[in-house]
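Here is the structure we will look at.
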Amino acid sequence: MVAARLGGSDPDANPRLRTAIQAAKDVNMPKDTLERAIKKGAGELEGVSFEEITYEGYTAGGGAILVKITTDNRNRTAGEVKFAFGKYGGNMGTPGCVGFLFTKRGLIDVEGAEEDALMEIALDAGAEDIENQGEGYFLVSTPWEHVQQIREALEKKRVKVTSSAVKMIPGTLVKVGGEDVDRVQKFLDWLDNYDDVDDVATNVEFEDQT
């Protein structure tokens, strides 16, 4: 809905919408639900107006975190997310306070590929890096604006793509240990279960507790 609201309902003219449609298909969203969301976001159907917000702040232990939200009630959501930050030992900051620590990237998961062949196909399509994750699985990194067109180029070459998304990738990691590990994990669990949350990015790395 947000992608359609910002760029229109034509995926050919709206790369962000094209990426969102593919992500919905990857999780088997019903076609009528997908079409209704696009029409509602583009204003072609009457309904609730949604907006996209990113909250920035710090976790317990000093890690940075970005929380991407889609909400129909900014005030309610801001209050609830701010409360959760404090409850689990963190602080919600001002816009831009930690965003510079992350880089927006396109990520494509590939299965069952041969590394040299995948490298050639992906780089020719415009990808920037390929990470071998073992057992025939690879992570292809792309400019975020071109993730969908690069996915389509891979699929045309019969590369098996299992998912693709645009993510915020931290430049450096912050180790968190002791009691802060439990507080950060509980905060992440809370965000995972909060209906308005679309995505979460953090630079937290848990210290070995053994």
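Naming works like this for the structure tokens: A, B, ... for the chains as they're shown, residue 1 at the start of each chain, ligands 1 onward in shown order.
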
For this session: Considering only C-alpha atoms, return as a ChimeraX atom specification whatever protein or nucleic-acid residues lie within 9 Å of A:Gly177, sequence-local ones (same chain, fewer than 4 positions apart) excluded.
Result: /A:61,181-182,205-209

Output file for the selection above: C-alpha atoms, as a compact mmCIF listing (two decimals), in the first residue's frame:
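Wrote it out as part.txt, contents follow:
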# COMPACT_ATOMS: atom_id res chain seq x y z
CA GLY A 61 24.07 -2.06 25.66
CA VAL A 181 21.51 -9.69 25.83
CA ASP A 182 18.22 -10.74 27.42
CA GLU A 205 26.15 -8.64 17.92
CA PHE A 206 25.58 -10.80 20.99
CA GLU A 207 28.68 -11.77 22.94
CA ASP A 208 29.28 -15.47 23.55
CA GLN A 209 27.60 -16.21 26.88

Exercise. Looking only at the backbone, which of the residues in stretch 4-172 of chain A does DSSP tag as alpha helix (DSSP H), as number ranges by chain?
Worked result: A: 4-7, 15-26, 31-41, 74-87, 115-125, 147-156

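One distance worth recording is that between atom CA of A:Lys40 and atom CA of A:Asp192, which is 25.0 Å.
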
For this session: Please give the complete set of residues from stretch 40-98 of chain A that DSSP, run on the backbone, assigns to strand (DSSP E or B), formatted as a ChimeraX atom specification.
Result: /A:51-58,64-71,91-92

Dump as an mmCIF file, in the first residue's frame, selection limited to N, CA and C atoms:
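The resulting file, part.cif, is shown below:
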data_model
loop_
_atom_site.group_PDB
_atom_site.id
_atom_site.type_symbol
_atom_site.label_atom_id
_atom_site.label_comp_id
_atom_site.auth_asym_id
_atom_site.auth_seq_id
_atom_site.Cartn_x
_atom_site.Cartn_y
_atom_site.Cartn_z
ATOM 1 N N GLU A 51 0.650 5.280 6.501
ATOM 2 C CA GLU A 51 1.896 5.977 6.239
ATOM 3 C C GLU A 51 3.065 5.153 6.768
ATOM 4 N N GLU A 52 4.219 5.390 6.190
ATOM 5 C CA GLU A 52 5.423 4.663 6.558
ATOM 6 C C GLU A 52 6.331 5.564 7.386
ATOM 7 N N ILE A 53 6.819 5.028 8.509
ATOM 8 C CA ILE A 53 7.687 5.776 9.417
ATOM 9 C C ILE A 53 8.852 4.884 9.808
ATOM 10 N N THR A 54 10.037 5.465 9.976
ATOM 11 C CA THR A 54 11.174 4.728 10.516
ATOM 12 C C THR A 54 11.603 5.383 11.826
ATOM 13 N N TYR A 55 11.561 4.597 12.905
ATOM 14 C CA TYR A 55 12.021 5.064 14.206
ATOM 15 C C TYR A 55 13.470 4.614 14.400
ATOM 16 N N GLU A 56 14.266 5.502 14.984
ATOM 17 C CA GLU A 56 15.677 5.225 15.218
ATOM 18 C C GLU A 56 15.989 5.336 16.699
ATOM 19 N N GLY A 57 16.976 4.574 17.145
ATOM 20 C CA GLY A 57 17.338 4.670 18.548
ATOM 21 C C GLY A 57 18.418 3.695 18.937
ATOM 22 N N TYR A 58 18.491 3.438 20.247
ATOM 23 C CA TYR A 58 19.544 2.605 20.811
ATOM 24 C C TYR A 58 18.939 1.506 21.673
ATOM 25 N N ALA A 64 22.715 0.183 17.860
ATOM 26 C CA ALA A 64 21.823 1.028 17.062
ATOM 27 C C ALA A 64 20.707 0.165 16.472
ATOM 28 N N ILE A 65 19.521 0.770 16.312
ATOM 29 C CA ILE A 65 18.402 0.019 15.761
ATOM 30 C C ILE A 65 17.505 0.930 14.937
ATOM 31 N N LEU A 66 17.024 0.408 13.815
ATOM 32 C CA LEU A 66 16.052 1.069 12.955
ATOM 33 C C LEU A 66 14.795 0.204 12.937
ATOM 34 N N VAL A 67 13.645 0.832 13.113
ATOM 35 C CA VAL A 67 12.373 0.109 13.118
ATOM 36 C C VAL A 67 11.462 0.725 12.060
ATOM 37 N N LYS A 68 11.200 -0.039 11.015
ATOM 38 C CA LYS A 68 10.360 0.423 9.919
ATOM 39 C C LYS A 68 8.907 0.043 10.202
ATOM 40 N N ILE A 69 8.040 1.040 10.172
ATOM 41 C CA ILE A 69 6.641 0.894 10.584
ATOM 42 C C ILE A 69 5.712 1.318 9.453
ATOM 43 N N THR A 70 4.587 0.632 9.313
ATOM 44 C CA THR A 70 3.476 1.114 8.500
ATOM 45 C C THR A 70 2.255 1.198 9.406
ATOM 46 N N THR A 71 1.679 2.385 9.538
ATOM 47 C CA THR A 71 0.616 2.584 10.520
ATOM 48 C C THR A 71 -0.495 3.474 9.985
ATOM 49 N N ASN A 91 16.636 3.503 24.179
ATOM 50 C CA ASN A 91 16.144 4.874 24.044
ATOM 51 C C ASN A 91 15.780 5.144 22.596
ATOM 52 N N MET A 92 14.570 5.672 22.370
ATOM 53 C CA MET A 92 14.206 6.083 21.017
ATOM 54 C C MET A 92 14.798 7.462 20.760
#

Problem set entry | Residue neighbourhood stretch 13-26 of chain A, 7 Å, only C-alpha atoms, exclusion window fewer than 2 positions, as an MDAnalysis selection string | chainID A and resid 3:4 7:8 10:11 28:29 148 163:165

Residues as selected, C-alpha atoms, written as a compact mmCIF listing (two decimals), in the first residue's frame, can you do that?
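Dumped everything to selection26.txt:
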# COMPACT_ATOMS: atom_id res chain seq x y z
CA ALA A 3 4.69 1.71 -2.34
CA ALA A 4 1.52 2.25 -4.42
CA GLY A 7 4.67 5.82 -6.74
CA GLY A 8 1.37 4.73 -8.26
CA ASP A 10 1.75 0.49 -12.15
CA PRO A 11 4.64 -1.81 -11.16
CA ASN A 28 2.23 -16.72 -1.02
CA MET A 29 0.01 -13.71 -0.40
CA GLN A 148 14.02 -6.61 -8.71
CA SER A 163 13.59 -14.51 -1.93
CA SER A 164 14.64 -10.91 -2.45
CA ALA A 165 14.33 -7.79 -0.31

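Minimum distance to A:Asp180 across A:Asn203, A:Asn73, A:Thr59, A:Ser9 (counting only C-alpha atoms) occurs at A:Thr59.
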
For this session: Excluding A:Phe138 and residues on its chain fewer than 5 positions from it, collect all residues at most 10 Å away from it, counting only C-alpha atoms, and give them as an MDAnalysis selection string.
Result: chainID A and resid 108:115 118 130:133 161

Exercise. Taking into account only C-alpha atoms, which residue in the set A:Tyr194, A:Phe102, A:Phe83, A:Phe50 is nearest to A:Leu173?
Worked result: A:Phe102

Problem set entry | Residue with smallest distance to A:Phe100 - pool A:Val184, A:Val204, A:Ile169, A:Leu123, counting only C-alpha atoms |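 Comparing A:Val184, A:Val204, A:Ile169, A:Leu123 against A:Phe100, the winner is A:Ile169.
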
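Closest approach to A:Glu80 among A:Ala122, A:Val98, A:Val200, A:Leu191 is made by A:Leu191 (distances from only C-alpha atoms).
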
For this session: Go ahead and compute the interatomic distance for atom CA of A:Gly63 and atom CA of A:Val174, in Å to one decimal.
Result: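 Computed distance, atom CA of A:Gly63 to atom CA of A:Val174, equals 5.7 Å.
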
Exercise. Leaving out A:Ala84 and any residue of its chain fewer than 4 positions from it, which residues lie within 8 Å of it when counting only C-alpha atoms, given as a PyMOL selection string?
Worked result: chain A and resi 80+88+187+190

Output of the above residues as a tab-separated table (two decimals), in the first residue's frame, restricted to C-alpha atoms:
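To be explicit, this is the file written out as result.tsv:
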chain	number	residue	atom	x	y	z
A	80	GLU	CA	3.78	2.25	21.99
A	88	TYR	CA	13.73	-3.04	27.44
A	187	PHE	CA	12.83	-6.08	22.62
A	190	TRP	CA	8.33	-7.55	21.00

For this session: Would you please work out which residue, of A:Val159, A:Ala42, A:Leu6, A:Leu107, is nearest to A:Glu145 when using only C-alpha atoms?
Result: A:Leu107

For this session: Have a look at atom CA of A:Arg183 and atom CA of A:Val197 and let me know their distance in Å, one decimal.
Result: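 Result for atom CA of A:Arg183 versus atom CA of A:Val197: 18.7 Å, one decimal.
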